[in-house]
file data-v8.tsv (TSV, C-alpha atoms)
chain	number	residue	atom	x	y	z
K	1	MET	CA	19.42	-8.30	-17.10
K	2	ALA	CA	16.91	-7.83	-14.31
K	3	THR	CA	17.57	-9.53	-11.00
K	4	TRP	CA	14.95	-10.98	-8.65
K	5	LYS	CA	15.48	-8.04	-6.30
K	6	THR	CA	14.38	-5.51	-8.93
K	7	LEU	CA	11.22	-7.53	-9.63
K	8	LEU	CA	10.02	-7.48	-6.00
K	9	LEU	CA	8.17	-4.74	-4.11
K	10	GLN	CA	10.15	-2.48	-1.80
K	11	ASP	CA	10.52	-3.47	1.83
K	12	SER	CA	8.11	-2.01	4.35
K	13	ALA	CA	8.98	1.51	5.54
K	14	SER	CA	6.03	2.26	7.83
K	15	PRO	CA	4.33	0.59	10.83
K	16	VAL	CA	1.06	0.26	8.89
K	17	MET	CA	2.72	-1.63	6.05
K	18	GLU	CA	4.38	-3.93	8.58
K	19	GLN	CA	0.96	-4.69	10.06
K	20	LEU	CA	-0.43	-5.39	6.58
K	21	THR	CA	2.47	-7.76	5.89
K	22	PHE	CA	1.89	-9.61	9.18
K	23	PHE	CA	-1.83	-9.91	8.38
K	24	HIS	CA	-1.03	-11.27	4.91
K	25	ASP	CA	1.25	-13.94	6.39
K	26	HIS	CA	-1.34	-14.77	9.08
K	27	THR	CA	-4.11	-15.25	6.50
K	28	LEU	CA	-1.89	-17.13	4.07
K	29	LEU	CA	-0.91	-19.63	6.76
K	30	ILE	CA	-4.59	-20.33	7.49
K	31	LEU	CA	-5.34	-20.79	3.77
K	32	ILE	CA	-2.41	-23.19	3.34
K	33	ILE	CA	-3.60	-25.33	6.27
K	34	ILE	CA	-7.17	-25.42	4.88
K	35	THR	CA	-5.92	-26.30	1.37
K	36	ILE	CA	-3.74	-29.15	2.66
K	37	LEU	CA	-6.56	-30.52	4.85
K	38	VAL	CA	-9.19	-30.42	2.09
K	39	GLY	CA	-6.75	-31.88	-0.43
K	40	GLN	CA	-5.86	-34.76	1.89
K	41	MET	CA	-9.55	-35.51	2.50
K	42	LEU	CA	-10.32	-35.50	-1.23
K	43	ILE	CA	-7.43	-37.82	-2.02
K	44	SER	CA	-8.42	-40.22	0.76
K	45	MET	CA	-12.01	-40.28	-0.52
K	46	LEU	CA	-10.89	-41.03	-4.07
K	47	PHE	CA	-8.59	-43.91	-3.18
K	48	ASN	CA	-10.32	-45.70	-0.30
K	49	LYS	CA	-13.08	-48.30	-0.64
K	50	PHE	CA	-14.88	-47.72	2.63
K	51	THR	CA	-18.69	-47.59	2.37
K	52	HIS	CA	-21.51	-47.10	4.84
K	53	ARG	CA	-24.85	-47.90	3.20
K	54	PHE	CA	-26.88	-47.18	6.32
K	55	LEU	CA	-25.40	-43.77	7.21
K	56	LEU	CA	-28.30	-41.31	7.50
K	57	GLU	CA	-26.82	-38.48	9.55
K	58	GLY	CA	-23.67	-37.38	11.33
K	59	GLN	CA	-24.54	-34.61	13.75
K	60	LEU	CA	-21.04	-34.33	15.18
K	61	ILE	CA	-19.32	-33.85	11.82
K	62	GLU	CA	-22.06	-31.44	10.70
K	63	LEU	CA	-21.51	-29.41	13.87
K	64	ILE	CA	-17.75	-29.37	13.29
K	65	TRP	CA	-17.92	-28.25	9.63
K	66	THR	CA	-20.39	-25.49	10.58
K	67	VAL	CA	-18.64	-24.12	13.68
K	68	LEU	CA	-15.01	-24.47	12.52
K	69	PRO	CA	-15.32	-22.27	9.38
K	70	ALA	CA	-17.14	-19.64	11.46
K	71	LEU	CA	-14.27	-19.61	13.98
K	72	ILE	CA	-11.72	-19.34	11.18
K	73	LEU	CA	-13.57	-16.34	9.71
K	74	VAL	CA	-13.55	-14.64	13.12
K	75	ILE	CA	-9.81	-15.28	13.48
K	76	ILE	CA	-9.27	-13.60	10.09
K	77	ALA	CA	-11.79	-10.78	10.60
K	78	LEU	CA	-10.58	-9.42	13.95
K	79	PRO	CA	-7.04	-8.41	12.87
K	80	SER	CA	-8.47	-7.22	9.55
K	81	LEU	CA	-10.88	-4.82	11.30
K	82	ARG	CA	-8.09	-3.63	13.59
K	83	ILE	CA	-5.89	-2.68	10.62
K	84	LEU	CA	-8.85	-1.07	8.87
K	85	TYR	CA	-9.41	1.30	11.79
K	86	ILE	CA	-5.66	2.02	12.03
K	87	LEU	CA	-5.63	3.02	8.36
K	88	ASP	CA	-8.48	5.51	8.90
K	89	GLU	CA	-6.97	7.24	11.93
K	90	ILE	CA	-5.12	10.53	11.54
K	91	TYR	CA	-2.75	10.97	14.50
K	92	ASN	CA	-1.72	14.60	15.13
K	93	PRO	CA	0.10	15.15	11.83
K	94	THR	CA	3.44	16.95	11.94
K	95	ILE	CA	3.16	18.05	8.32
K	96	THR	CA	0.40	18.19	5.71
K	97	VAL	CA	0.97	17.74	1.99
K	98	LYS	CA	-1.64	18.17	-0.74
K	99	ALA	CA	-1.26	15.93	-3.81
K	100	ILE	CA	-3.18	16.93	-6.95
K	101	GLY	CA	-3.47	14.48	-9.84
K	102	HIS	CA	-3.29	15.71	-13.43
K	103	GLN	CA	-3.13	13.99	-16.80
K	104	TRP	CA	-0.40	12.83	-16.40
K	105	TYR	CA	1.68	14.17	-13.53
K	106	TRP	CA	1.36	15.12	-9.86
K	107	SER	CA	1.40	18.52	-8.18
K	108	TYR	CA	2.32	18.96	-4.52
K	109	GLU	CA	1.58	21.74	-2.07
K	110	TYR	CA	3.01	21.98	1.46
K	111	SER	CA	-0.04	23.36	3.22
K	112	ASP	CA	1.84	24.36	6.40
K	113	TYR	CA	4.16	26.71	4.51
K	114	LYS	CA	3.53	29.64	2.20
K	115	LYS	CA	4.09	29.32	-1.53
K	116	ILE	CA	5.79	25.93	-1.50
K	117	GLU	CA	4.32	24.03	-4.42
K	118	PHE	CA	5.71	22.26	-7.46
K	119	ASP	CA	4.88	19.82	-10.25
K	120	SER	CA	6.40	16.35	-10.38
K	121	TYR	CA	6.97	14.83	-13.83
K	122	MET	CA	8.45	11.47	-14.70
K	123	ILE	CA	12.00	11.70	-16.08
K	124	PRO	CA	11.83	10.50	-19.73
K	125	THR	CA	13.98	7.50	-20.62
K	126	ASN	CA	16.12	9.49	-23.07
K	127	GLU	CA	16.93	12.04	-20.31
K	128	SER	CA	17.51	9.49	-17.56
K	129	LYS	CA	20.94	9.29	-15.88
K	130	ASN	CA	22.67	6.17	-14.60
K	131	PHE	CA	21.51	6.85	-11.04
K	132	ASN	CA	17.85	7.40	-12.02
K	133	PHE	CA	15.25	4.64	-11.79
K	134	ARG	CA	13.66	4.05	-15.18
K	135	LEU	CA	9.93	4.99	-15.34
K	136	LEU	CA	9.92	5.56	-11.55
K	137	ASP	CA	12.07	8.63	-10.89
K	138	VAL	CA	10.76	12.18	-11.18
K	139	ASP	CA	12.27	15.62	-11.65
K	140	ASN	CA	10.89	16.95	-8.32
K	141	ARG	CA	10.66	14.39	-5.53
K	142	LEU	CA	8.27	14.75	-2.60
K	143	ILE	CA	10.58	15.53	0.34
K	144	ILE	CA	9.31	14.21	3.69
K	145	PRO	CA	10.96	14.06	7.15
K	146	PHE	CA	11.20	10.54	8.53
K	147	ASN	CA	9.93	9.65	12.03
K	148	SER	CA	7.12	12.17	11.50
K	149	GLN	CA	3.39	11.69	11.05
K	150	VAL	CA	2.49	12.97	7.58
K	151	ARG	CA	-1.05	13.74	6.39
K	152	ILE	CA	-1.79	13.56	2.67
K	153	LEU	CA	-4.72	15.49	1.22
K	154	THR	CA	-5.44	14.47	-2.34
K	155	THR	CA	-7.74	15.52	-5.15
K	156	SER	CA	-7.71	15.63	-8.94
K	157	ALA	CA	-7.87	18.37	-11.54
K	158	ASP	CA	-9.39	16.22	-14.30
K	159	VAL	CA	-10.15	12.47	-13.97
K	160	ILE	CA	-9.91	9.99	-11.10
K	161	HIS	CA	-6.33	9.17	-10.14
K	162	SER	CA	-4.99	7.13	-7.22
K	163	TRP	CA	-2.03	8.11	-5.04
K	164	ALA	CA	-0.37	4.85	-4.02
K	165	VAL	CA	2.98	3.98	-2.41
K	166	PRO	CA	3.10	0.24	-1.60
K	167	SER	CA	6.08	0.37	0.81
K	168	LEU	CA	4.15	2.84	3.01
K	169	GLY	CA	0.83	0.98	2.87
K	170	VAL	CA	-0.86	3.99	1.25
K	171	LYS	CA	-3.43	3.91	-1.56
K	172	ILE	CA	-6.09	6.59	-1.83
K	173	ASP	CA	-8.22	7.86	-4.72
K	174	SER	CA	-7.76	11.38	-6.03
K	175	THR	CA	-11.26	12.37	-7.15
K	176	PRO	CA	-12.26	15.61	-8.93
K	177	GLY	CA	-14.26	17.91	-6.64
K	178	ARG	CA	-13.49	15.84	-3.56
K	179	LEU	CA	-10.72	16.05	-0.96
K	180	ASN	CA	-9.61	12.70	0.49
K	181	GLN	CA	-7.09	12.29	3.28
K	182	THR	CA	-4.85	9.63	4.73
K	183	SER	CA	-1.65	9.55	6.76
K	184	PHE	CA	1.56	7.60	7.06
K	185	PHE	CA	4.66	7.41	9.23
K	186	ILE	CA	8.03	6.73	7.56
K	187	ASN	CA	10.42	5.02	9.97
K	188	ARG	CA	13.62	5.21	7.91
K	189	THR	CA	15.31	7.35	5.30
K	190	GLY	CA	15.36	6.39	1.64
K	191	LEU	CA	13.57	6.62	-1.69
K	192	PHE	CA	10.08	5.14	-1.91
K	193	PHE	CA	8.30	4.70	-5.21
K	194	GLY	CA	4.66	4.49	-6.18
K	195	GLN	CA	2.42	5.01	-9.19
K	196	CYS	CA	-1.10	6.06	-10.03
K	197	SER	CA	-3.22	2.96	-9.39
K	198	GLU	CA	-6.30	4.11	-11.30
K	199	ILE	CA	-6.57	3.69	-15.07
K	200	CYS	CA	-6.67	7.40	-15.90
K	201	GLY	CA	-5.91	7.52	-19.61
K	202	ALA	CA	-3.24	6.97	-22.25
K	203	ASN	CA	-0.24	7.89	-20.08
K	204	HIS	CA	-1.58	6.31	-16.90
K	205	SER	CA	1.62	4.30	-16.35
K	206	PHE	CA	3.85	7.37	-16.72
K	207	MET	CA	2.93	9.43	-13.66
K	208	PRO	CA	5.04	7.88	-10.88
K	209	ILE	CA	5.33	9.03	-7.25
K	210	THR	CA	8.76	9.38	-5.66
K	211	ILE	CA	9.12	10.16	-1.96
K	212	GLU	CA	12.49	11.04	-0.47
K	213	ALA	CA	12.54	10.60	3.31
K	214	ILE	CA	15.27	12.67	4.97
K	215	ASN	CA	16.39	13.73	8.43
K	216	PRO	CA	14.00	16.29	10.05
K	217	ASN	CA	16.87	18.79	10.45
K	218	SER	CA	17.73	18.46	6.75
K	219	PHE	CA	14.03	18.92	5.93
K	220	ILE	CA	13.91	22.20	7.89
K	221	LYS	CA	17.01	23.43	6.01
K	222	TRP	CA	15.37	22.45	2.70
K	223	ILE	CA	12.21	24.38	3.61
K	224	ASN	CA	14.25	27.44	4.62
K	225	ASN	CA	16.13	27.37	1.31
K	226	LEU	CA	12.85	27.32	-0.62
K	227	ASN	CA	11.53	30.30	1.36
call {"tool": "encode", "arguments": {"input": "data-v8.tsv", "output": "structure tokens"}}
result
Amino acid sequence: MATWKTLLLQDSASPVMEQLTFFHDHTLLILIIITILVGQMLISMLFNKFTHRFLLEGQLIELIWTVLPALILVIIALPSLRILYILDEIYNPTITVKAIGHQWYWSYEYSDYKKIEFDSYMIPTNESKNFNFRLLDVDNRLIIPFNSQVRILTTSADVIHSWAVPSLGVKIDSTPGRLNQTSFFINRTGLFFGQCSEICGANHSFMPITIEAINPNSFIKWINNLN
């Protein structure tokens, strides 16, 4: 039986995702206040019997309901624009990884090292072990050092895919003939799961992304073993 914990998204593992979470809470609080205020006004209008037959204008209230929504939009827009620019910045990446989407699996290339590339397929249910995550775990995980700025270059070999890891605040299209880039910073070790977020065909839901964040020293040892 599934528990509530398994039904929720993973906790944030990057500064960008933390900022997105704070912005979500900030916006949701504003929406709740507006909903309560409008609801209270509607209920009071439905149940009171006050009338004003000679009311022709109310310049003060018209000024308030014009200026106040504009101020609210500014309060929402400023942090939104800030996060948008943060998402587009690439800060001196420590490592670059190229992710190539296929129907229906991912290929990875470590661009800073020679001949380090592999395919990443979902582990089928009938081959899954007790410690594997059903429909989320892969045979070759993307190994990344934590506390390091990572740049992802992504493209596709066939149709449009989307490389997305919610806990890192990353979602970028993998488009044939085009190279897109983004970056992220993992601030703790662990396993982080994502999936293709573009409807790319029959097995669209069976090409997961699994990132394993490890200690930088362990990452260097892993690289040396591959070479």
call {"tool": "atom_distance", "arguments": {"input": "data-v8.tsv", "atom1": "CA of His161 in chain K", "atom2": "CA of Arg178 in chain K"}}
result
11.8 Å
call {"tool": "atom_distance", "arguments": {"input": "data-v8.tsv", "atom1": "CA of Ile199 in chain K", "atom2": "CA of Val159 in chain K"}}
result
9.5 Å
call {"tool": "atom_distance", "arguments": {"input": "data-v8.tsv", "atom1": "CA of Ile43 in chain K", "atom2": "CA of Leu60 in chain K"}}
result
22.2 Å
call {"tool": "residues_near_point", "arguments": {"input": "data-v8.tsv", "point": "(-0.1, -5.7, 9.6)", "cutoff": "10 Å", "atoms": "all atoms listed in the file", "output": "VMD selection string"}}
result
chain K and resid 15 to 26 79 to 80 82 to 84 86 169
call {"tool": "closest_residue", "arguments": {"input": "data-v8.tsv", "among": "K:Phe192, K:Phe146, K:Tyr121, K:Phe131", "to": "Phe206 in chain K", "atoms": "only C-alpha atoms"}}
result
K:Tyr121
call {"tool": "residues_around", "arguments": {"input": "data-v8.tsv", "residues": "Pro176 in chain K", "least_positions_apart": "3", "cutoff": "6 Å", "atoms": "all atoms listed in the file", "output": "VMD selection string"}}
result
chain K and resid 155 to 157
call {"tool": "residues_around", "arguments": {"input": "data-v8.tsv", "residues": "Met122 in chain K", "least_positions_apart": "5", "cutoff": "12 Å", "atoms": "all atoms listed in the file", "output": "PyMOL selection string"}}
result
chain K and resi 104-107+127-128+132-141+193-196+203-210
call {"tool": "axis_aligned_box", "arguments": {"input": "data-v8.tsv", "around": "range 148-153 of chain K", "padding_each_side": "5 Å", "output": "lines of an AutoDock Vina configuration file"}}
result
center_x = 1.2
center_y = 13.6
center_z = 6.4
size_x = 21.8
size_y = 13.8
size_z = 20.3
call {"tool": "closest_residue", "arguments": {"input": "data-v8.tsv", "among": "K:Asn48, K:Ile116, K:Ser148, K:Ile33", "to": "Asn225 in chain K", "atoms": "all atoms listed in the file"}}
result
K:Ile116
call {"tool": "residues_around", "arguments": {"input": "data-v8.tsv", "residues": "Ser183 in chain K", "least_positions_apart": "3", "cutoff": "9 Å", "atoms": "only C-alpha atoms", "output": "list in words"}}
result
Leu87, Asp88, Glu89, Ile90, Tyr91, Pro93, Thr96, Gln149, Val150, Arg151, Ile152, Leu153 and Val170 of chain K
call {"tool": "write_last_selection", "arguments": {"input": "data-v8.tsv", "atoms": "C-alpha atoms", "output": "JSON list (two decimals), in the coordinates of the input"}}
result
[["chain", "number", "residue", "atom", "x", "y", "z"],
["K", 87, "LEU", "CA", -5.63, 3.02, 8.36],
["K", 88, "ASP", "CA", -8.48, 5.51, 8.90],
["K", 89, "GLU", "CA", -6.97, 7.24, 11.93],
["K", 90, "ILE", "CA", -5.12, 10.53, 11.54],
["K", 91, "TYR", "CA", -2.75, 10.97, 14.50],
["K", 93, "PRO", "CA", 0.10, 15.15, 11.83],
["K", 96, "THR", "CA", 0.40, 18.19, 5.71],
["K", 149, "GLN", "CA", 3.39, 11.69, 11.05],
["K", 150, "VAL", "CA", 2.49, 12.97, 7.58],
["K", 151, "ARG", "CA", -1.05, 13.74, 6.39],
["K", 152, "ILE", "CA", -1.79, 13.56, 2.67],
["K", 153, "LEU", "CA", -4.72, 15.49, 1.22],
["K", 170, "VAL", "CA", -0.86, 3.99, 1.25]]
call {"tool": "closest_residue", "arguments": {"input": "data-v8.tsv", "among": "K:Asn92, K:Ile144, K:Ser197, K:Gln181", "to": "Ile214 in chain K", "atoms": "all atoms listed in the file"}}
result
K:Ile144
call {"tool": "closest_residue", "arguments": {"input": "data-v8.tsv", "among": "K:Pro216, K:Phe184, K:Cys200, K:Ile30", "to": "Ala13 in chain K", "atoms": "only C-alpha atoms"}}
result
K:Phe184
call {"tool": "closest_residue", "arguments": {"input": "data-v8.tsv", "among": "K:Leu56, K:Ile143, K:Ala202, K:Leu71", "to": "Ile220 in chain K", "atoms": "all atoms listed in the file"}}
result
K:Ile143
call {"tool": "closest_residue", "arguments": {"input": "data-v8.tsv", "among": "K:Ile64, K:Leu46, K:Ile211, K:Ile100", "to": "Ser167 in chain K", "atoms": "only C-alpha atoms"}}
result
K:Ile211
call {"tool": "decode", "arguments": {"input": "data-v8.tsv", "residues": "range 64-87 of chain K", "atoms": "N, CA, C and O atoms", "output": "PDB file, in the first residue's frame"}}
result
ATOM      1  N   ILE K  64      -9.075  52.606  -5.790  1.00  0.00           N
ATOM      2  CA  ILE K  64      -8.516  51.488  -5.014  1.00  0.00           C
ATOM      3  C   ILE K  64      -8.511  50.209  -5.835  1.00  0.00           C
ATOM      4  O   ILE K  64      -7.497  49.495  -5.888  1.00  0.00           O
ATOM      5  N   TRP K  65      -9.642  49.869  -6.513  1.00  0.00           N
ATOM      6  CA  TRP K  65      -9.680  48.587  -7.220  1.00  0.00           C
ATOM      7  C   TRP K  65      -8.922  48.634  -8.566  1.00  0.00           C
ATOM      8  O   TRP K  65      -8.815  47.629  -9.248  1.00  0.00           O
ATOM      9  N   THR K  66      -8.408  49.812  -8.924  1.00  0.00           N
ATOM     10  CA  THR K  66      -7.507  49.889 -10.084  1.00  0.00           C
ATOM     11  C   THR K  66      -6.039  49.802  -9.643  1.00  0.00           C
ATOM     12  O   THR K  66      -5.241  49.063 -10.238  1.00  0.00           O
ATOM     13  N   VAL K  67      -5.689  50.545  -8.595  1.00  0.00           N
ATOM     14  CA  VAL K  67      -4.294  50.608  -8.156  1.00  0.00           C
ATOM     15  C   VAL K  67      -3.875  49.340  -7.404  1.00  0.00           C
ATOM     16  O   VAL K  67      -2.779  48.813  -7.611  1.00  0.00           O
ATOM     17  N   LEU K  68      -4.754  48.823  -6.545  1.00  0.00           N
ATOM     18  CA  LEU K  68      -4.390  47.669  -5.715  1.00  0.00           C
ATOM     19  C   LEU K  68      -4.034  46.422  -6.533  1.00  0.00           C
ATOM     20  O   LEU K  68      -2.998  45.794  -6.279  1.00  0.00           O
ATOM     21  N   PRO K  69      -4.843  46.033  -7.542  1.00  0.00           N
ATOM     22  CA  PRO K  69      -4.437  44.875  -8.356  1.00  0.00           C
ATOM     23  C   PRO K  69      -3.111  45.102  -9.079  1.00  0.00           C
ATOM     24  O   PRO K  69      -2.313  44.155  -9.240  1.00  0.00           O
ATOM     25  N   ALA K  70      -2.861  46.343  -9.521  1.00  0.00           N
ATOM     26  CA  ALA K  70      -1.588  46.629 -10.194  1.00  0.00           C
ATOM     27  C   ALA K  70      -0.410  46.424  -9.238  1.00  0.00           C
ATOM     28  O   ALA K  70       0.624  45.856  -9.612  1.00  0.00           O
ATOM     29  N   LEU K  71      -0.576  46.880  -7.984  1.00  0.00           N
ATOM     30  CA  LEU K  71       0.485  46.693  -6.986  1.00  0.00           C
ATOM     31  C   LEU K  71       0.702  45.214  -6.691  1.00  0.00           C
ATOM     32  O   LEU K  71       1.841  44.750  -6.543  1.00  0.00           O
ATOM     33  N   ILE K  72      -0.390  44.463  -6.612  1.00  0.00           N
ATOM     34  CA  ILE K  72      -0.274  43.022  -6.352  1.00  0.00           C
ATOM     35  C   ILE K  72       0.480  42.328  -7.479  1.00  0.00           C
ATOM     36  O   ILE K  72       1.333  41.461  -7.246  1.00  0.00           O
ATOM     37  N   LEU K  73       0.190  42.705  -8.718  1.00  0.00           N
ATOM     38  CA  LEU K  73       0.895  42.115  -9.869  1.00  0.00           C
ATOM     39  C   LEU K  73       2.386  42.438  -9.829  1.00  0.00           C
ATOM     40  O   LEU K  73       3.220  41.590 -10.169  1.00  0.00           O
ATOM     41  N   VAL K  74       2.734  43.638  -9.410  1.00  0.00           N
ATOM     42  CA  VAL K  74       4.148  44.012  -9.293  1.00  0.00           C
ATOM     43  C   VAL K  74       4.827  43.175  -8.211  1.00  0.00           C
ATOM     44  O   VAL K  74       5.949  42.681  -8.392  1.00  0.00           O
ATOM     45  N   ILE K  75       4.135  42.988  -7.084  1.00  0.00           N
ATOM     46  CA  ILE K  75       4.688  42.191  -5.982  1.00  0.00           C
ATOM     47  C   ILE K  75       4.935  40.748  -6.423  1.00  0.00           C
ATOM     48  O   ILE K  75       5.884  40.096  -5.985  1.00  0.00           O
ATOM     49  N   ILE K  76       4.088  40.226  -7.302  1.00  0.00           N
ATOM     50  CA  ILE K  76       4.282  38.866  -7.824  1.00  0.00           C
ATOM     51  C   ILE K  76       5.343  38.839  -8.917  1.00  0.00           C
ATOM     52  O   ILE K  76       6.153  37.914  -8.992  1.00  0.00           O
ATOM     53  N   ALA K  77       5.374  39.874  -9.762  1.00  0.00           N
ATOM     54  CA  ALA K  77       6.247  39.859 -10.937  1.00  0.00           C
ATOM     55  C   ALA K  77       7.722  40.008 -10.589  1.00  0.00           C
ATOM     56  O   ALA K  77       8.578  39.357 -11.213  1.00  0.00           O
ATOM     57  N   LEU K  78       8.052  40.838  -9.611  1.00  0.00           N
ATOM     58  CA  LEU K  78       9.467  41.104  -9.311  1.00  0.00           C
ATOM     59  C   LEU K  78      10.234  39.841  -8.894  1.00  0.00           C
ATOM     60  O   LEU K  78      11.273  39.525  -9.481  1.00  0.00           O
ATOM     61  N   PRO K  79       9.760  39.073  -7.893  1.00  0.00           N
ATOM     62  CA  PRO K  79      10.485  37.836  -7.581  1.00  0.00           C
ATOM     63  C   PRO K  79      10.445  36.818  -8.709  1.00  0.00           C
ATOM     64  O   PRO K  79      11.378  36.027  -8.879  1.00  0.00           O
ATOM     65  N   SER K  80       9.362  36.831  -9.507  1.00  0.00           N
ATOM     66  CA  SER K  80       9.276  35.913 -10.643  1.00  0.00           C
ATOM     67  C   SER K  80      10.368  36.206 -11.677  1.00  0.00           C
ATOM     68  O   SER K  80      11.041  35.293 -12.175  1.00  0.00           O
ATOM     69  N   LEU K  81      10.567  37.489 -12.001  1.00  0.00           N
ATOM     70  CA  LEU K  81      11.618  37.870 -12.953  1.00  0.00           C
ATOM     71  C   LEU K  81      13.004  37.545 -12.406  1.00  0.00           C
ATOM     72  O   LEU K  81      13.891  37.105 -13.153  1.00  0.00           O
ATOM     73  N   ARG K  82      13.177  37.741 -11.097  1.00  0.00           N
ATOM     74  CA  ARG K  82      14.474  37.432 -10.476  1.00  0.00           C
ATOM     75  C   ARG K  82      14.815  35.955 -10.662  1.00  0.00           C
ATOM     76  O   ARG K  82      15.932  35.597 -11.062  1.00  0.00           O
ATOM     77  N   ILE K  83      13.853  35.076 -10.374  1.00  0.00           N
ATOM     78  CA  ILE K  83      14.092  33.641 -10.517  1.00  0.00           C
ATOM     79  C   ILE K  83      14.303  33.269 -11.980  1.00  0.00           C
ATOM     80  O   ILE K  83      15.126  32.398 -12.306  1.00  0.00           O
ATOM     81  N   LEU K  84      13.590  33.936 -12.878  1.00  0.00           N
ATOM     82  CA  LEU K  84      13.740  33.656 -14.306  1.00  0.00           C
ATOM     83  C   LEU K  84      15.161  33.919 -14.775  1.00  0.00           C
ATOM     84  O   LEU K  84      15.760  33.115 -15.520  1.00  0.00           O
ATOM     85  N   TYR K  85      15.752  35.021 -14.322  1.00  0.00           N
ATOM     86  CA  TYR K  85      17.131  35.336 -14.704  1.00  0.00           C
ATOM     87  C   TYR K  85      18.121  34.380 -14.032  1.00  0.00           C
ATOM     88  O   TYR K  85      19.142  34.018 -14.621  1.00  0.00           O
ATOM     89  N   ILE K  86      17.831  33.956 -12.796  1.00  0.00           N
ATOM     90  CA  ILE K  86      18.692  32.987 -12.120  1.00  0.00           C
ATOM     91  C   ILE K  86      18.714  31.663 -12.883  1.00  0.00           C
ATOM     92  O   ILE K  86      19.765  31.028 -13.041  1.00  0.00           O
ATOM     93  N   LEU K  87      17.555  31.244 -13.384  1.00  0.00           N
ATOM     94  CA  LEU K  87      17.467  29.991 -14.126  1.00  0.00           C
ATOM     95  C   LEU K  87      18.276  30.025 -15.417  1.00  0.00           C
ATOM     96  O   LEU K  87      18.787  28.992 -15.870  1.00  0.00           O
TER      97      LEU K  87
END
